[in-house]
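Below: start_38.pdb (PDB, C-alpha atoms)
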MODEL        1
ATOM      1  CA  MET A   1      -1.195  17.351 -27.358
ATOM      2  CA  LYS A   2       0.866  14.773 -25.488
ATOM      3  CA  LYS A   3       3.560  14.646 -28.204
ATOM      4  CA  ASP A   4       5.278  17.830 -27.034
ATOM      5  CA  PRO A   5       8.847  17.795 -25.619
ATOM      6  CA  ILE A   6       7.697  17.992 -21.986
ATOM      7  CA  ALA A   7       5.422  14.973 -22.511
ATOM      8  CA  LYS A   8       8.302  13.037 -24.085
ATOM      9  CA  LEU A   9      10.678  13.940 -21.275
ATOM     10  CA  VAL A  10       8.266  12.993 -18.480
ATOM     11  CA  LYS A  11       7.308   9.804 -20.279
ATOM     12  CA  GLY A  12      10.991   8.929 -20.669
ATOM     13  CA  SER A  13      11.861   9.531 -17.034
ATOM     14  CA  LYS A  14      10.425   6.324 -15.635
ATOM     15  CA  LEU A  15      11.203   5.302 -12.105
ATOM     16  CA  GLU A  16      11.532   1.706 -11.014
ATOM     17  CA  THR A  17      11.087   0.080  -7.656
ATOM     18  CA  SER A  18      13.905  -2.032  -6.246
ATOM     19  CA  ASP A  19      14.303  -5.558  -7.691
ATOM     20  CA  ALA A  20      13.058  -7.240  -4.529
ATOM     21  CA  PHE A  21       9.913  -5.107  -4.261
ATOM     22  CA  THR A  22       7.407  -7.645  -5.560
ATOM     23  CA  GLU A  23       8.913 -10.580  -3.654
ATOM     24  CA  LEU A  24       8.967  -8.592  -0.431
ATOM     25  CA  MET A  25       5.373  -7.537  -0.964
ATOM     26  CA  MET A  26       4.221 -11.097  -1.676
ATOM     27  CA  ASP A  27       6.086 -12.323   1.439
ATOM     28  CA  LYS A  28       4.279  -9.728   3.548
ATOM     29  CA  LEU A  29       1.020 -10.790   1.965
ATOM     30  CA  ASP A  30       1.716 -14.434   2.842
ATOM     31  CA  GLN A  31       2.521 -13.471   6.431
ATOM     32  CA  GLN A  32      -0.616 -11.376   6.666
ATOM     33  CA  LEU A  33      -2.801 -14.198   5.358
ATOM     34  CA  GLU A  34      -1.096 -16.734   7.608
ATOM     35  CA  ARG A  35      -1.652 -14.500  10.616
ATOM     36  CA  ARG A  36      -5.303 -14.029   9.705
ATOM     37  CA  MET A  37      -5.750 -17.795   9.370
ATOM     38  CA  ARG A  38      -4.060 -18.326  12.736
ATOM     39  CA  VAL A  39      -6.305 -15.786  14.443
ATOM     40  CA  ARG A  40      -9.378 -17.451  12.917
ATOM     41  CA  LEU A  41      -8.129 -20.814  14.179
ATOM     42  CA  TYR A  42      -7.577 -19.386  17.671
ATOM     43  CA  LEU A  43     -11.059 -17.903  17.671
ATOM     44  CA  LEU A  44     -12.518 -21.250  16.609
ATOM     45  CA  ILE A  45     -10.594 -23.073  19.341
ATOM     46  CA  CYS A  46     -11.645 -20.429  21.841
ATOM     47  CA  GLY A  47     -15.299 -20.800  20.815
ATOM     48  CA  ILE A  48     -15.189 -24.581  21.140
ATOM     49  CA  ALA A  49     -13.426 -24.290  24.520
ATOM     50  CA  VAL A  50     -16.053 -21.865  25.821
ATOM     51  CA  PHE A  51     -18.836 -24.147  24.582
ATOM     52  CA  PHE A  52     -17.323 -27.164  26.361
ATOM     53  CA  ALA A  53     -16.628 -25.129  29.492
ATOM     54  CA  ILE A  54     -20.243 -23.975  29.695
ATOM     55  CA  THR A  55     -21.572 -27.467  28.952
ATOM     56  CA  THR A  56     -19.275 -29.005  31.569
ATOM     57  CA  PHE A  57     -20.215 -26.354  34.095
ATOM     58  CA  VAL A  58     -23.916 -26.900  33.531
ATOM     59  CA  LEU A  59     -23.547 -30.688  33.710
ATOM     60  CA  ILE A  60     -21.418 -30.647  36.825
ATOM     61  CA  THR A  61     -23.337 -28.044  38.787
ATOM     62  CA  SER A  62     -26.696 -29.594  38.007
ATOM     63  CA  GLY A  63     -25.321 -32.992  39.116
ATOM     64  CA  PHE A  64     -25.275 -35.952  36.736
ATOM     65  CA  THR A  65     -25.899 -39.685  37.089
ATOM     66  CA  ILE A  66     -24.330 -42.677  35.398
ATOM     67  CA  PRO A  67     -27.409 -44.921  34.799
ATOM     68  CA  ALA A  68     -25.510 -48.249  34.679
ATOM     69  CA  PHE A  69     -24.161 -47.833  38.197
ATOM     70  CA  GLY A  70     -26.850 -45.595  39.577
ATOM     71  CA  LEU A  71     -24.069 -43.182  40.534
ATOM     72  CA  LYS A  72     -24.897 -39.551  41.186
ATOM     73  CA  ILE A  73     -22.003 -37.101  41.219
ATOM     74  CA  GLN A  74     -22.532 -33.782  42.948
ATOM     75  CA  LEU A  75     -19.705 -31.200  43.069
ATOM     76  CA  PRO A  76     -19.626 -27.980  45.091
ATOM     77  CA  LYS A  77     -20.774 -25.179  42.768
ATOM     78  CA  MET A  78     -18.326 -22.528  43.995
ATOM     79  CA  ILE A  79     -15.207 -24.707  43.606
ATOM     80  CA  THR A  80     -16.305 -25.892  40.155
ATOM     81  CA  MET A  81     -17.030 -22.371  39.013
ATOM     82  CA  LEU A  82     -13.665 -21.098  40.311
ATOM     83  CA  THR A  83     -11.768 -23.979  38.675
ATOM     84  CA  ILE A  84     -13.419 -23.354  35.306
ATOM     85  CA  THR A  85     -12.915 -19.571  35.560
ATOM     86  CA  VAL A  86      -9.205 -19.897  36.444
ATOM     87  CA  GLY A  87      -8.730 -22.566  33.734
ATOM     88  CA  GLY A  88     -10.458 -20.372  31.162
ATOM     89  CA  PHE A  89      -8.411 -17.343  32.224
ATOM     90  CA  LEU A  90      -5.142 -19.267  31.822
ATOM     91  CA  ALA A  91      -6.262 -20.560  28.417
ATOM     92  CA  VAL A  92      -7.023 -17.012  27.225
ATOM     93  CA  LEU A  93      -3.647 -15.772  28.529
ATOM     94  CA  HIS A  94      -1.888 -18.547  26.665
ATOM     95  CA  LEU A  95      -3.810 -17.698  23.525
ATOM     96  CA  LEU A  96      -2.945 -13.997  23.785
ATOM     97  CA  LYS A  97       0.699 -14.896  24.296
ATOM     98  CA  LEU A  98       0.675 -17.008  21.138
ATOM     99  CA  VAL A  99      -0.975 -14.251  19.100
ATOM    100  CA  GLY A 100       1.531 -11.747  20.535
ATOM    101  CA  ILE A 101       4.469 -13.927  19.529
ATOM    102  CA  SER A 102       3.165 -14.347  15.989
ATOM    103  CA  SER A 103       2.605 -10.604  15.503
ATOM    104  CA  SER A 104       6.023  -9.675  16.944
ATOM    105  CA  ARG A 105       7.655 -12.168  14.564
ATOM    106  CA  GLU A 106       5.781 -10.534  11.731
ATOM    107  CA  GLY A 107       7.016  -7.133  12.920
ATOM    108  CA  MET A 108      10.603  -8.391  12.830
ATOM    109  CA  ALA A 109      10.111  -9.726   9.319
ATOM    110  CA  TYR A 110       8.911  -6.291   8.165
ATOM    111  CA  ASN A 111      12.126  -4.606   9.352
TER     112      ASN A 111
ATOM    113  CA  MET B  26      -7.788  -7.627 -24.751
ATOM    114  CA  ASN B  27      -7.465  -4.057 -23.452
ATOM    115  CA  ARG B  28      -6.013  -2.955 -20.126
ATOM    116  CA  ALA B  29      -9.371  -2.785 -18.322
ATOM    117  CA  GLU B  30     -10.458  -6.261 -19.476
ATOM    118  CA  LYS B  31      -7.105  -7.743 -18.549
ATOM    119  CA  ASP B  32      -7.249  -6.121 -15.113
ATOM    120  CA  ARG B  33     -10.798  -7.372 -14.625
ATOM    121  CA  GLU B  34      -9.768 -10.932 -15.419
ATOM    122  CA  ILE B  35      -6.890 -10.783 -12.920
ATOM    123  CA  ILE B  36      -9.056  -9.139 -10.254
ATOM    124  CA  GLU B  37     -11.633 -11.908 -10.608
ATOM    125  CA  GLN B  38      -8.860 -14.475 -10.104
ATOM    126  CA  VAL B  39      -7.693 -12.665  -6.966
ATOM    127  CA  LYS B  40     -11.279 -12.483  -5.700
ATOM    128  CA  ALA B  41     -11.584 -16.223  -6.288
ATOM    129  CA  GLY B  42      -8.652 -16.751  -3.921
ATOM    130  CA  GLU B  43      -5.753 -16.965  -6.367
ATOM    131  CA  GLN B  44      -3.283 -14.933  -4.415
ATOM    132  CA  ALA B  45      -0.538 -15.404  -7.018
ATOM    133  CA  ALA B  46      -2.612 -13.471  -9.581
ATOM    134  CA  PHE B  47      -2.136 -10.376  -7.447
ATOM    135  CA  ARG B  48       1.568 -10.480  -8.323
ATOM    136  CA  GLU B  49       0.667  -9.641 -11.906
ATOM    137  CA  LEU B  50      -1.239  -6.553 -10.805
ATOM    138  CA  VAL B  51       1.694  -5.486  -8.628
ATOM    139  CA  ASN B  52       4.160  -5.946 -11.479
ATOM    140  CA  THR B  53       1.934  -4.007 -13.886
ATOM    141  CA  TYR B  54       1.399  -0.953 -11.693
ATOM    142  CA  LYS B  55       4.295  -0.823  -9.226
ATOM    143  CA  ASP B  56       6.584   1.439 -11.258
ATOM    144  CA  ASP B  57       3.982   4.062 -12.146
ATOM    145  CA  ALA B  58       2.642   3.964  -8.582
ATOM    146  CA  PHE B  59       6.207   4.362  -7.310
ATOM    147  CA  ALA B  60       6.738   7.415  -9.510
ATOM    148  CA  LEU B  61       3.535   8.951  -8.130
ATOM    149  CA  ALA B  62       4.617   8.243  -4.551
ATOM    150  CA  CYS B  63       8.028   9.817  -5.267
ATOM    151  CA  SER B  64       6.304  12.907  -6.707
ATOM    152  CA  ILE B  65       4.720  13.499  -3.313
ATOM    153  CA  LEU B  66       7.209  12.103  -0.810
ATOM    154  CA  LYS B  67      10.464  12.889  -2.679
ATOM    155  CA  GLU B  68      12.224   9.995  -0.909
ATOM    156  CA  PRO B  69      12.463   6.696  -2.841
ATOM    157  CA  GLU B  70      12.942   4.514   0.277
ATOM    158  CA  LEU B  71       9.936   6.004   2.034
ATOM    159  CA  ALA B  72       7.922   5.848  -1.201
ATOM    160  CA  GLU B  73       8.657   2.110  -1.493
ATOM    161  CA  ASP B  74       7.637   1.458   2.111
ATOM    162  CA  VAL B  75       4.393   3.341   1.624
ATOM    163  CA  LEU B  76       3.765   1.517  -1.642
ATOM    164  CA  GLN B  77       4.156  -1.859   0.058
ATOM    165  CA  GLU B  78       1.450  -0.851   2.531
ATOM    166  CA  VAL B  79      -0.728   0.409  -0.306
ATOM    167  CA  PHE B  80      -0.561  -2.900  -2.170
ATOM    168  CA  LEU B  81      -1.335  -4.842   1.015
ATOM    169  CA  LYS B  82      -4.325  -2.584   1.610
ATOM    170  CA  ALA B  83      -5.420  -2.949  -2.009
ATOM    171  CA  PHE B  84      -5.290  -6.735  -1.635
ATOM    172  CA  GLN B  85      -7.455  -6.566   1.489
ATOM    173  CA  LYS B  86     -10.006  -4.292  -0.183
ATOM    174  CA  ILE B  87     -10.058  -5.855  -3.633
ATOM    175  CA  ARG B  88     -13.122  -7.973  -2.810
ATOM    176  CA  SER B  89     -15.116  -4.762  -2.401
ATOM    177  CA  PHE B  90     -13.873  -3.360  -5.736
ATOM    178  CA  LYS B  91     -17.002  -2.976  -7.886
ATOM    179  CA  TYR B  92     -15.507  -1.771 -11.207
ATOM    180  CA  GLN B  93     -17.123   1.645 -10.824
ATOM    181  CA  SER B  94     -13.774   3.061 -11.909
ATOM    182  CA  SER B  95     -10.767   1.481 -13.552
ATOM    183  CA  PHE B  96      -8.480  -0.486 -11.256
ATOM    184  CA  TYR B  97      -5.521   1.855 -11.802
ATOM    185  CA  THR B  98      -7.464   5.009 -10.838
ATOM    186  CA  TRP B  99      -8.663   3.180  -7.712
ATOM    187  CA  LEU B 100      -5.106   2.062  -6.877
ATOM    188  CA  TYR B 101      -3.500   5.427  -7.642
ATOM    189  CA  ARG B 102      -6.114   7.129  -5.483
ATOM    190  CA  ILE B 103      -5.052   4.962  -2.538
ATOM    191  CA  VAL B 104      -1.387   5.753  -3.293
ATOM    192  CA  VAL B 105      -2.029   9.501  -3.415
ATOM    193  CA  ASN B 106      -4.128   9.550  -0.221
ATOM    194  CA  ARG B 107      -1.636   7.436   1.686
ATOM    195  CA  CYS B 108       1.313   9.571   0.529
ATOM    196  CA  TYR B 109      -0.330  12.874   1.469
ATOM    197  CA  ASN B 110      -1.149  11.397   4.897
ATOM    198  CA  GLU B 111       2.483  10.354   5.274
ATOM    199  CA  LEU B 112       3.616  13.806   4.219
ATOM    200  CA  ARG B 113       1.413  15.440   6.849
ATOM    201  CA  ARG B 114       2.722  13.025   9.478
ATOM    202  CA  ASN B 115       6.402  13.522   8.657
ATOM    203  CA  LYS B 116       6.828  17.197   7.929
ATOM    204  CA  GLY B 117      10.249  17.162   9.644
ATOM    205  CA  ARG B 118      11.568  14.364   7.478
ATOM    206  CA  ARG B 119      10.289  16.123   4.364
ATOM    207  CA  THR B 120      12.329  19.247   5.205
ATOM    208  CA  GLU B 121      15.399  17.052   5.673
ATOM    209  CA  ALA B 122      14.809  15.429   2.266
ATOM    210  CA  LEU B 123      14.583  18.821   0.591
ATOM    211  CA  GLU B 124      17.835  19.844   2.265
ATOM    212  CA  ASN B 125      19.463  16.736   0.815
ATOM    213  CA  ILE B 126      18.206  17.653  -2.642
ATOM    214  CA  SER B 127      19.653  21.156  -2.261
ATOM    215  CA  GLU B 128      22.961  19.627  -1.215
ATOM    216  CA  LEU B 129      22.886  17.463  -4.315
ATOM    217  CA  GLU B 130      22.194  20.506  -6.443
ATOM    218  CA  LYS B 131      25.123  22.381  -4.914
ATOM    219  CA  GLY B 132      27.531  19.485  -4.923
ATOM    220  CA  THR B 133      29.350  17.544  -7.559
ATOM    221  CA  ASP B 134      26.919  14.625  -7.466
ATOM    222  CA  LEU B 135      24.846  15.890 -10.393
ATOM    223  CA  PRO B 136      23.924  13.313 -13.054
ATOM    224  CA  ASP B 137      25.739  12.982 -16.364
ATOM    225  CA  PRO B 138      24.589  15.890 -18.609
ATOM    226  CA  ASN B 139      23.971  13.411 -21.427
ATOM    227  CA  ASN B 140      21.422  11.603 -19.274
ATOM    228  CA  VAL B 141      18.492  13.992 -19.616
ATOM    229  CA  ASN B 142      16.093  11.563 -17.919
ATOM    230  CA  GLU B 143      18.067  11.765 -14.684
ATOM    231  CA  TYR B 144      17.702  15.551 -14.769
ATOM    232  CA  VAL B 145      13.980  15.271 -15.413
ATOM    233  CA  ILE B 146      13.691  13.035 -12.327
ATOM    234  CA  LEU B 147      15.790  15.490 -10.302
ATOM    235  CA  ALA B 148      13.687  18.422 -11.495
ATOM    236  CA  LEU B 149      10.399  16.635 -10.716
ATOM    237  CA  ASN B 150      11.800  15.871  -7.278
ATOM    238  CA  GLN B 151      12.351  19.574  -6.673
ATOM    239  CA  MET B 152       8.936  20.669  -7.817
ATOM    240  CA  LYS B 153       5.850  21.036  -5.656
ATOM    241  CA  ALA B 154       4.182  17.703  -4.943
ATOM    242  CA  ASP B 155       0.897  18.691  -6.633
ATOM    243  CA  GLU B 156       2.607  19.804  -9.831
ATOM    244  CA  ALA B 157       4.940  16.804 -10.104
ATOM    245  CA  LEU B 158       2.036  14.474  -9.353
ATOM    246  CA  VAL B 159      -0.257  15.958 -12.003
ATOM    247  CA  LEU B 160       2.542  15.973 -14.591
ATOM    248  CA  ARG B 161       3.324  12.306 -13.962
ATOM    249  CA  LEU B 162      -0.317  11.240 -13.915
ATOM    250  CA  PHE B 163      -1.008  13.027 -17.188
ATOM    251  CA  TYR B 164       2.168  12.302 -19.129
ATOM    252  CA  LEU B 165       3.741   9.225 -17.556
ATOM    253  CA  SER B 166       0.624   7.216 -16.655
ATOM    254  CA  GLU B 167      -1.286   8.775 -19.595
ATOM    255  CA  LEU B 168      -4.433   9.489 -17.625
ATOM    256  CA  SER B 169      -7.082  11.852 -18.940
ATOM    257  CA  ILE B 170      -7.881  15.089 -17.085
ATOM    258  CA  GLU B 171     -11.043  13.439 -15.706
ATOM    259  CA  GLU B 172      -9.013  10.511 -14.391
ATOM    260  CA  VAL B 173      -6.435  12.867 -12.861
ATOM    261  CA  ILE B 174      -9.311  14.586 -11.053
ATOM    262  CA  GLN B 175     -10.557  11.205  -9.778
ATOM    263  CA  VAL B 176      -7.129  10.182  -8.542
ATOM    264  CA  THR B 177      -6.048  13.427  -6.915
ATOM    265  CA  GLY B 178      -9.412  14.707  -5.720
ATOM    266  CA  PHE B 179      -8.392  18.161  -7.033
ATOM    267  CA  GLY B 180     -10.874  20.348  -8.888
ATOM    268  CA  LYS B 181     -10.663  20.660 -12.672
ATOM    269  CA  SER B 182      -9.188  24.164 -12.489
ATOM    270  CA  LYS B 183      -6.530  23.079  -9.974
ATOM    271  CA  VAL B 184      -5.520  20.177 -12.202
ATOM    272  CA  LYS B 185      -5.214  22.456 -15.227
ATOM    273  CA  VAL B 186      -3.299  25.119 -13.297
ATOM    274  CA  SER B 187      -0.955  22.472 -11.776
ATOM    275  CA  LEU B 188      -0.364  21.033 -15.219
ATOM    276  CA  HIS B 189       0.392  24.452 -16.702
ATOM    277  CA  ARG B 190       2.664  25.545 -13.836
ATOM    278  CA  GLY B 191       4.277  22.116 -13.668
ATOM    279  CA  ARG B 192       5.204  22.243 -17.347
ATOM    280  CA  LYS B 193       6.630  25.740 -16.967
ATOM    281  CA  ASN B 194       8.600  24.941 -13.796
ATOM    282  CA  LEU B 195       9.946  21.704 -15.238
ATOM    283  CA  ALA B 196      11.110  23.511 -18.381
ATOM    284  CA  ASP B 197      12.733  26.273 -16.273
ATOM    285  CA  LEU B 198      14.554  23.764 -14.070
ATOM    286  CA  LEU B 199      15.781  21.757 -17.065
ATOM    287  CA  ARG B 200      17.013  24.924 -18.761
ATOM    288  CA  LYS B 201      18.832  25.815 -15.545
ATOM    289  CA  TYR B 202      20.477  22.381 -15.374
ATOM    290  CA  LEU B 203      21.148  21.693 -19.017
ATOM    291  CA  GLY B 204      21.324  25.191 -20.548
ATOM    292  CA  LYS B 205      21.443  25.313 -24.320
ATOM    293  CA  GLU B 206      20.908  21.601 -24.814
ATOM    294  CA  ILE B 207      17.287  21.966 -23.870
ATOM    295  CA  GLU B 208      16.461  25.429 -25.239
ATOM    296  CA  ASP B 209      13.624  24.240 -27.464
ATOM    297  CA  LEU B 210      11.344  23.567 -24.455
TER     298      LEU B 210
ENDMDL
END
With the file now loaded, output its structure as structure tokens.
Amino acid sequence: MKKDPIAKLVKGSKLETSDAFTELMMDKLDQQLERRMRVRLYLLICGIAVFFAITTFVLITSGFTIPAFGLKIQLPKMITMLTITVGGFLAVLHLLKLVGISSSREGMAYN
Amino acid sequence: MNRAEKDREIIEQVKAGEQAAFRELVNTYKDDAFALACSILKEPELAEDVLQEVFLKAFQKIRSFKYQSSFYTWLYRIVVNRCYNELRRNKGRRTEALENISELEKGTDLPDPNNVNEYVILALNQMKADEALVLRLFYLSELSIEEVIQVTGFGKSKVKVSLHRGRKNLADLLRKYLGKEIEDL
């Protein structure tokens, strides 16, 4: 059935993508994977930072002692909390800026 | 090793993290997929852009590919869906593309009459998307009717009607372009 003239003509009229198609696609794939890895890394760093921030906050606000010197450090809760919140906020802003830069670079590469 | 087994082997490599293996899949299917995209979008540049996105999406989703269908029907289905979405989104651009084709038809830029393949491509570009798509799936990619149904999502009767009308319209257009040289169609 497929050996008729129409079949032959359609079969013969192949179209081809541009020469650079595969390379361009693989480049985009690399960029996509790199971006995904970077985001995962940022999330990991963010998670660790949050963990340390909470631990530090708990330690500082509950007051801690250094046994060898019998030293007890007690910081004002409000100031500590504000410092950690502002620090965390700045860290997140910095992180978002970095992610933004990487995605805009990717956008430029696509054009 | 047949096509399905070969594809399966490559897909398993990609799933195992060998990104370079994906290149082989791209090289195997890019031209047929491009022809399908051109059948719908009628603009090679746009078709290539869409196809790039399709392959990136296919790479992302390949881990969830369960071999319930062949890889090429799965891939072509993504191509067809993405192209019809693009067509719906850019109706204005589509009209412009058709105007350009009409200009080409009127003007002196027609292909060499000895190059029948160029005329077939031109004719397929002028046909309705559904008809050109079904013709290319059936004759160029050599899919069965069942596979064409899977890829397009059309009913069996629509596929058969599109195939019949597509054949007739293609023959009419080629006769119009090439006259006596193609009378036996």
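Residue-level contact on chain A: within 7 Å of chain B, counting all atoms listed in the file, the set is Lys2, Pro5, Ile6, Ala7, Leu9, Val10, Lys11, Gly12, Ser13, Leu15, Glu16, Thr17, Thr22, Met25 and Leu29 of chain A.
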Non-local contacts of Thr98 of chain B (8 Å; all atoms listed in the file; under 4 positions in same chain excluded) as a ChimeraX atom specification: /B:94,102,172,175-176
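Each of B:Asn106, B:Asn150, B:Asn115, B:Asn194 was compared to Phe179 of chain B using only C-alpha atoms, and B:Asn106 turns out to be the nearest.
Taking atom CA of Gly180 of chain B and atom CA of Leu66 of chain B as endpoints, the distance between them is 21.5 Å.
Between Val92 of chain A and the residues A:Met78, A:Val58, A:Leu43, A:Arg36, the shortest atom-to-atom distance, using all atoms listed in the file, involves A:Leu43.
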Considering all atoms listed in the file, return as number ranges by chain whatever protein or nucleic-acid residues lie within 10 Å of Ala49 of chain A, sequence-local ones (same chain, fewer than 6 positions apart) excluded. A: 43, 55, 88, 91
Limited to C-alpha atoms, could you put the picked residues into a file as a PDB file, in the frame of the given file?
ATOM      1  CA  LEU A  43     -11.059 -17.903  17.671  1.00  0.00           C
ATOM      2  CA  THR A  55     -21.572 -27.467  28.952  1.00  0.00           C
ATOM      3  CA  GLY A  88     -10.458 -20.372  31.162  1.00  0.00           C
ATOM      4  CA  ALA A  91      -6.262 -20.560  28.417  1.00  0.00           C
TER       5      ALA A  91
END
Could you list, as a count of residues only, every residue matched by the PyMOL selection byres ((chain B and resi 96) around 10) in this structure? 20
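Going from atom CA of Asp137 of chain B over to atom CA of Gln151 of chain B, you cover 17.8 Å.
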Rounded to one decimal in Å, what is the spacing between atom CA of Lys97 of chain A and atom CA of Met81 of chain A? 24.2 Å
Could you check the closest approach to Leu158 of chain B for each of B:Asn139, B:Ser64, B:Ser182, B:Asn27 and tell me which residue wins, using all atoms listed in the file? B:Ser64
